[in-house]
>>> print(open('coords08.pdb').read())   # PDB, C-alpha atoms
ATOM      1  CA  MET A   1     -27.803 -41.984   0.023
ATOM      2  CA  LYS A   2     -26.845 -44.383   2.785
ATOM      3  CA  GLU A   3     -24.396 -42.857   5.309
ATOM      4  CA  GLY A   4     -20.843 -44.064   4.619
ATOM      5  CA  GLY A   5     -21.875 -46.001   1.530
ATOM      6  CA  ARG A   6     -23.264 -45.534  -1.942
ATOM      7  CA  LYS A   7     -26.794 -45.635  -3.308
ATOM      8  CA  GLN A   8     -28.546 -48.960  -3.457
ATOM      9  CA  GLY A   9     -28.319 -50.346  -6.987
ATOM     10  CA  ALA A  10     -26.048 -47.595  -8.290
ATOM     11  CA  PRO A  11     -25.159 -48.482 -11.866
ATOM     12  CA  SER A  12     -21.527 -47.320 -11.898
ATOM     13  CA  PRO A  13     -18.665 -47.423  -9.421
ATOM     14  CA  CYS A  14     -17.416 -44.267  -7.719
ATOM     15  CA  ALA A  15     -14.596 -42.297  -9.339
ATOM     16  CA  ALA A  16     -12.065 -43.819  -6.937
ATOM     17  CA  CYS A  17     -12.981 -47.434  -7.653
ATOM     18  CA  LYS A  18     -13.173 -46.700 -11.368
ATOM     19  CA  LEU A  19      -9.658 -45.207 -11.373
ATOM     20  CA  LEU A  20      -8.294 -47.998  -9.190
ATOM     21  CA  ARG A  21     -10.090 -50.564 -11.398
ATOM     22  CA  ARG A  22     -11.734 -52.372  -8.563
ATOM     23  CA  ARG A  23     -15.258 -53.367  -7.624
ATOM     24  CA  CYS A  24     -17.095 -50.631  -5.699
ATOM     25  CA  ALA A  25     -18.548 -52.235  -2.571
ATOM     26  CA  GLN A  26     -21.736 -51.055  -0.864
ATOM     27  CA  ASP A  27     -19.688 -49.692   2.040
ATOM     28  CA  CYS A  28     -17.005 -48.024  -0.115
ATOM     29  CA  VAL A  29     -15.455 -45.203   1.918
ATOM     30  CA  PHE A  30     -14.768 -43.176  -1.262
ATOM     31  CA  ALA A  31     -18.247 -43.372  -2.851
ATOM     32  CA  PRO A  32     -19.974 -40.549  -0.912
ATOM     33  CA  TYR A  33     -17.160 -38.088  -1.649
ATOM     34  CA  PHE A  34     -15.895 -39.033  -5.109
ATOM     35  CA  PRO A  35     -18.916 -39.536  -7.390
ATOM     36  CA  ALA A  36     -18.514 -41.231 -10.769
ATOM     37  CA  ASP A  37     -19.231 -38.000 -12.651
ATOM     38  CA  GLU A  38     -16.201 -36.214 -11.091
ATOM     39  CA  PRO A  39     -13.237 -38.463 -11.985
ATOM     40  CA  GLN A  40     -10.629 -35.668 -11.949
ATOM     41  CA  LYS A  41     -11.439 -34.892  -8.332
ATOM     42  CA  PHE A  42     -10.190 -38.282  -7.154
ATOM     43  CA  ALA A  43      -7.440 -38.481  -9.770
ATOM     44  CA  ASN A  44      -5.736 -35.380  -8.337
ATOM     45  CA  VAL A  45      -6.194 -36.519  -4.729
ATOM     46  CA  HIS A  46      -4.799 -39.952  -5.626
ATOM     47  CA  LYS A  47      -1.839 -38.396  -7.450
ATOM     48  CA  VAL A  48      -0.887 -36.218  -4.461
ATOM     49  CA  PHE A  49      -1.842 -38.314  -1.423
ATOM     50  CA  GLY A  50      -2.241 -41.871  -2.715
ATOM     51  CA  ALA A  51      -5.433 -43.910  -2.457
ATOM     52  CA  SER A  52      -4.206 -45.929   0.512
ATOM     53  CA  ASN A  53      -3.396 -42.822   2.557
ATOM     54  CA  VAL A  54      -6.722 -41.199   1.705
ATOM     55  CA  ASN A  55      -8.512 -44.408   2.683
ATOM     56  CA  LYS A  56      -6.687 -44.495   6.037
ATOM     57  CA  MET A  57      -7.381 -40.816   6.752
ATOM     58  CA  LEU A  58     -11.086 -41.152   5.982
ATOM     59  CA  GLN A  59     -11.503 -44.306   8.059
ATOM     60  CA  GLU A  60      -9.806 -42.674  11.070
ATOM     61  CA  LEU A  61     -12.199 -39.712  10.993
ATOM     62  CA  PRO A  62     -15.767 -39.621  12.291
ATOM     63  CA  VAL A  63     -18.279 -39.711   9.422
ATOM     64  CA  HIS A  64     -19.445 -36.120  10.076
ATOM     65  CA  GLN A  65     -15.885 -34.777   9.503
ATOM     66  CA  ARG A  66     -15.075 -36.728   6.338
ATOM     67  CA  GLY A  67     -16.713 -34.276   3.935
ATOM     68  CA  ASP A  68     -14.588 -31.396   5.221
ATOM     69  CA  ALA A  69     -11.465 -33.563   5.101
ATOM     70  CA  VAL A  70     -12.173 -34.523   1.485
ATOM     71  CA  SER A  71     -12.770 -30.863   0.571
ATOM     72  CA  SER A  72      -9.410 -29.953   2.101
ATOM     73  CA  MET A  73      -7.621 -32.801   0.347
ATOM     74  CA  VAL A  74      -9.202 -31.886  -2.998
ATOM     75  CA  TYR A  75      -8.203 -28.231  -2.559
ATOM     76  CA  GLU A  76      -4.626 -29.118  -1.631
ATOM     77  CA  ALA A  77      -4.362 -31.700  -4.415
ATOM     78  CA  ASN A  78      -5.608 -29.216  -7.027
ATOM     79  CA  ALA A  79      -3.168 -26.610  -5.718
ATOM     80  CA  ARG A  80      -0.313 -29.150  -5.858
ATOM     81  CA  VAL A  81      -1.196 -30.061  -9.437
ATOM     82  CA  ARG A  82      -1.062 -26.369 -10.407
ATOM     83  CA  ASP A  83       2.052 -25.630  -8.316
ATOM     84  CA  PRO A  84       3.940 -28.818  -7.383
ATOM     85  CA  VAL A  85       6.480 -27.033  -5.179
ATOM     86  CA  TYR A  86       4.368 -24.698  -3.039
ATOM     87  CA  GLY A  87       0.784 -25.938  -3.439
ATOM     88  CA  CYS A  88      -1.667 -24.014  -1.224
ATOM     89  CA  VAL A  89       1.124 -21.971   0.311
ATOM     90  CA  GLY A  90       1.932 -20.542  -3.120
ATOM     91  CA  ALA A  91      -1.685 -19.492  -3.603
ATOM     92  CA  ILE A  92      -1.832 -17.955  -0.123
ATOM     93  CA  SER A  93       1.451 -16.123  -0.697
ATOM     94  CA  SER A  94       0.222 -14.777  -4.030
ATOM     95  CA  LEU A  95      -2.999 -13.529  -2.449
ATOM     96  CA  GLN A  96      -1.033 -11.917   0.402
ATOM     97  CA  GLN A  97       1.154 -10.089  -2.124
ATOM     98  CA  GLN A  98      -1.976  -8.842  -3.905
ATOM     99  CA  ILE A  99      -3.385  -7.605  -0.585
ATOM    100  CA  ASP A 100      -0.120  -5.795   0.190
ATOM    101  CA  ALA A 101      -0.066  -4.145  -3.251
ATOM    102  CA  LEU A 102      -3.696  -3.064  -2.938
ATOM    103  CA  GLN A 103      -3.096  -1.665   0.559
ATOM    104  CA  THR A 104      -0.183   0.345  -0.828
ATOM    105  CA  GLN A 105      -2.357   1.663  -3.664
ATOM    106  CA  LEU A 106      -5.078   2.582  -1.169
ATOM    107  CA  ALA A 107      -2.601   4.402   1.072
ATOM    108  CA  LEU A 108      -1.253   6.342  -1.921
ATOM    109  CA  ALA A 109      -4.761   7.281  -3.031
ATOM    110  CA  GLN A 110      -5.694   8.392   0.487
ATOM    111  CA  ALA A 111      -2.504  10.471   0.709
ATOM    112  CA  GLU A 112      -3.316  12.084  -2.622
ATOM    113  CA  VAL A 113      -6.839  12.917  -1.407
ATOM    114  CA  VAL A 114      -5.368  14.621   1.666
ATOM    115  CA  HIS A 115      -2.855  16.465  -0.505
ATOM    116  CA  LEU A 116      -5.548  17.684  -2.889
ATOM    117  CA  ARG A 117      -7.790  18.824  -0.031
ATOM    118  CA  VAL A 118      -4.921  20.768   1.530
ATOM    119  CA  ARG A 119      -4.064  22.287  -1.838
ATOM    120  CA  GLN A 120      -7.678  23.314  -2.485
ATOM    121  CA  THR A 121      -8.001  24.792   0.995
ATOM    122  CA  ALA A 122      -4.795  26.779   0.438
ATOM    123  CA  THR A 123      -6.049  27.996  -2.948
ATOM    124  CA  LEU A 124      -9.327  29.160  -1.428
ATOM    125  CA  SER A 125      -7.478  30.839   1.447
ATOM    126  CA  ASN A 126      -5.260  32.740  -1.005
ATOM    127  CA  HIS A 127      -8.389  34.119  -2.664
ATOM    128  CA  GLY A 128      -9.864  35.187   0.667
ATOM    129  CA  LEU A 129     -12.478  32.451   0.696
ATOM    130  CA  SER A 130     -12.990  29.586   3.070
ATOM    131  CA  PRO A 131     -14.759  26.334   2.196
ATOM    132  CA  ALA A 132     -17.649  27.232   4.561
ATOM    133  CA  SER A 133     -17.780  30.897   3.562
ATOM    134  CA  PRO A 134     -21.292  32.158   2.720
ATOM    135  CA  THR A 135     -19.923  34.129  -0.255
ATOM    136  CA  ASN A 136     -19.068  30.992  -2.189
ATOM    137  CA  SER A 137     -21.734  28.624  -0.830
ATOM    138  CA  GLY A 138     -23.769  28.837  -4.039
ATOM    139  CA  SER A 139     -21.027  27.696  -6.415
ATOM    140  CA  PRO A 140     -20.810  24.053  -7.473
ATOM    141  CA  SER A 141     -17.151  23.810  -6.475
ATOM    142  CA  SER A 142     -17.819  25.070  -2.953
ATOM    143  CA  ARG A 143     -20.576  22.510  -2.433
ATOM    144  CA  LEU A 144     -18.149  19.777  -3.470
ATOM    145  CA  MET A 145     -15.274  21.045  -1.305
ATOM    146  CA  GLY A 146     -17.408  22.028   1.682
ATOM    147  CA  SER A 147     -18.849  18.562   2.127
ATOM    148  CA  GLN A 148     -16.561  16.010   3.727
ATOM    149  CA  MET A 149     -18.894  13.199   2.646
ATOM    150  CA  LYS A 150     -18.436  13.673  -1.105
ATOM    151  CA  PRO A 151     -15.158  12.741  -2.794
ATOM    152  CA  ILE A 152     -13.136  15.520  -4.360
ATOM    153  CA  PHE A 153     -12.230  13.402  -7.370
ATOM    154  CA  ASP A 154     -13.176  10.041  -8.789
ATOM    155  CA  MET A 155     -10.880   7.245  -7.564
ATOM    156  CA  ASP A 156     -10.900   5.718 -11.058
ATOM    157  CA  MET A 157      -8.853   8.699 -12.214
ATOM    158  CA  VAL A 158      -5.797   7.518 -10.246
ATOM    159  CA  ASP A 159      -3.089   6.206 -12.566
ATOM    160  CA  HIS A 160      -2.191   2.814 -11.067
ATOM    161  CA  THR A 161       0.643   2.233 -13.544
ATOM    162  CA  SER A 162       2.812   5.055 -12.199
ATOM    163  CA  LEU A 163       2.880   4.119  -8.517
ATOM    164  CA  GLY A 164       6.668   4.397  -8.427
ATOM    165  CA  GLU A 165       6.645   7.979  -9.700
ATOM    166  CA  SER A 166       6.030  11.039  -7.578
ATOM    167  CA  MET A 167       2.358  11.877  -7.225
ATOM    168  CA  TRP A 168       3.018  15.312  -5.755
ATOM    169  CA  SER A 169       4.299  17.116  -8.859
ATOM    170  CA  CYS A 170       1.995  19.811 -10.243
TER     171      CYS A 170
END
>>> encode(input="coords08.pdb", output="structure tokens")
Amino acid sequence: MKEGGRKQGAPSPCAACKLLRRRCAQDCVFAPYFPADEPQKFANVHKVFGASNVNKMLQELPVHQRGDAVSSMVYEANARVRDPVYGCVGAISSLQQQIDALQTQLALAQAEVVHLRVRQTATLSNHGLSPASPTNSGSPSSRLMGSQMKPIFDMDMVDHTSLGESMWSC
């Protein structure tokens, strides 16, 4: 492919020229970035930014930066088509909310692990045993509790639907 243009003797115009119903010139600025087999890519960019504005932006940029600019415009245009009001910001906000919710779930799970370890240590202490005591080192439960590297319970057992309820009730 010739830099800044389209292939020699290409049988069909690029997606941009096809949508705009114009002849695709050899030096078409759209051809390298909007191939004929991806018409929706340019259609969304055209709908959001306008062909004239995209043309101006691409011509003002050095050739080595145009691909990244087109990728950004395509991403924003697709986001605007899905969410006309917020676009990319809506997607970013949604992802941030998911991160916050997952961090909360993680903190609750970690707190429950600490609570269960304290409870198990207290139970062993009440029976006169300690997690490192040689008298209980042969039992399967002592091997599990004595090792800090192994989890006390499987994290999949946490009920994620009841995060608002108290996790400390017995």
>>> residues_around(input="coords08.pdb", residues="region 9-24 of chain A", least_positions_apart="3", cutoff="6 Å", atoms="only C-alpha atoms", output="PDB file with C-alpha atoms, in the frame of the given file")
ATOM      1  CA  ALA A  31     -18.247 -43.372  -2.851  1.00  0.00           C
ATOM      2  CA  PHE A  34     -15.895 -39.033  -5.109  1.00  0.00           C
ATOM      3  CA  PRO A  35     -18.916 -39.536  -7.390  1.00  0.00           C
ATOM      4  CA  ALA A  36     -18.514 -41.231 -10.769  1.00  0.00           C
ATOM      5  CA  PRO A  39     -13.237 -38.463 -11.985  1.00  0.00           C
ATOM      6  CA  PHE A  42     -10.190 -38.282  -7.154  1.00  0.00           C
TER       7      PHE A  42
END
>>> residues_around(input="coords08.pdb", residues="Asp68 (chain A)", least_positions_apart="6", cutoff="12 Å", atoms="only C-alpha atoms", output="ChimeraX atom specification")
/A:33,57-58,61-62,74-75
>>> atom_distance(input="coords08.pdb", atom1="CA of Ser72 (chain A)", atom2="CA of Gln40 (chain A)")
15.2 Å
>>> atom_distance(input="coords08.pdb", atom1="CA of Val54 (chain A)", atom2="CA of Ala77 (chain A)")
11.5 Å
>>> axis_aligned_box(input="coords08.pdb", around="region 51-68 of chain A", padding_each_side="3 Å", output="AutoDock Vina command-line options")
--center_x -11.4 --center_y -38.7 --center_z 4.9 --size_x 22.0 --size_y 20.5 --size_z 20.7
>>> atom_distance(input="coords08.pdb", atom1="CA of Val81 (chain A)", atom2="CA of Lys47 (chain A)")
8.6 Å
>>> closest_residue(input="coords08.pdb", among="A:Gln65, A:Asn44, A:Ser125, A:Asn53", to="Arg82 (chain A)", atoms="only C-alpha atoms")
A:Asn44
>>> closest_residue(input="coords08.pdb", among="A:Phe30, A:Asn126, A:Val114, A:Ile99", to="Val63 (chain A)", atoms="only C-alpha atoms")
A:Phe30
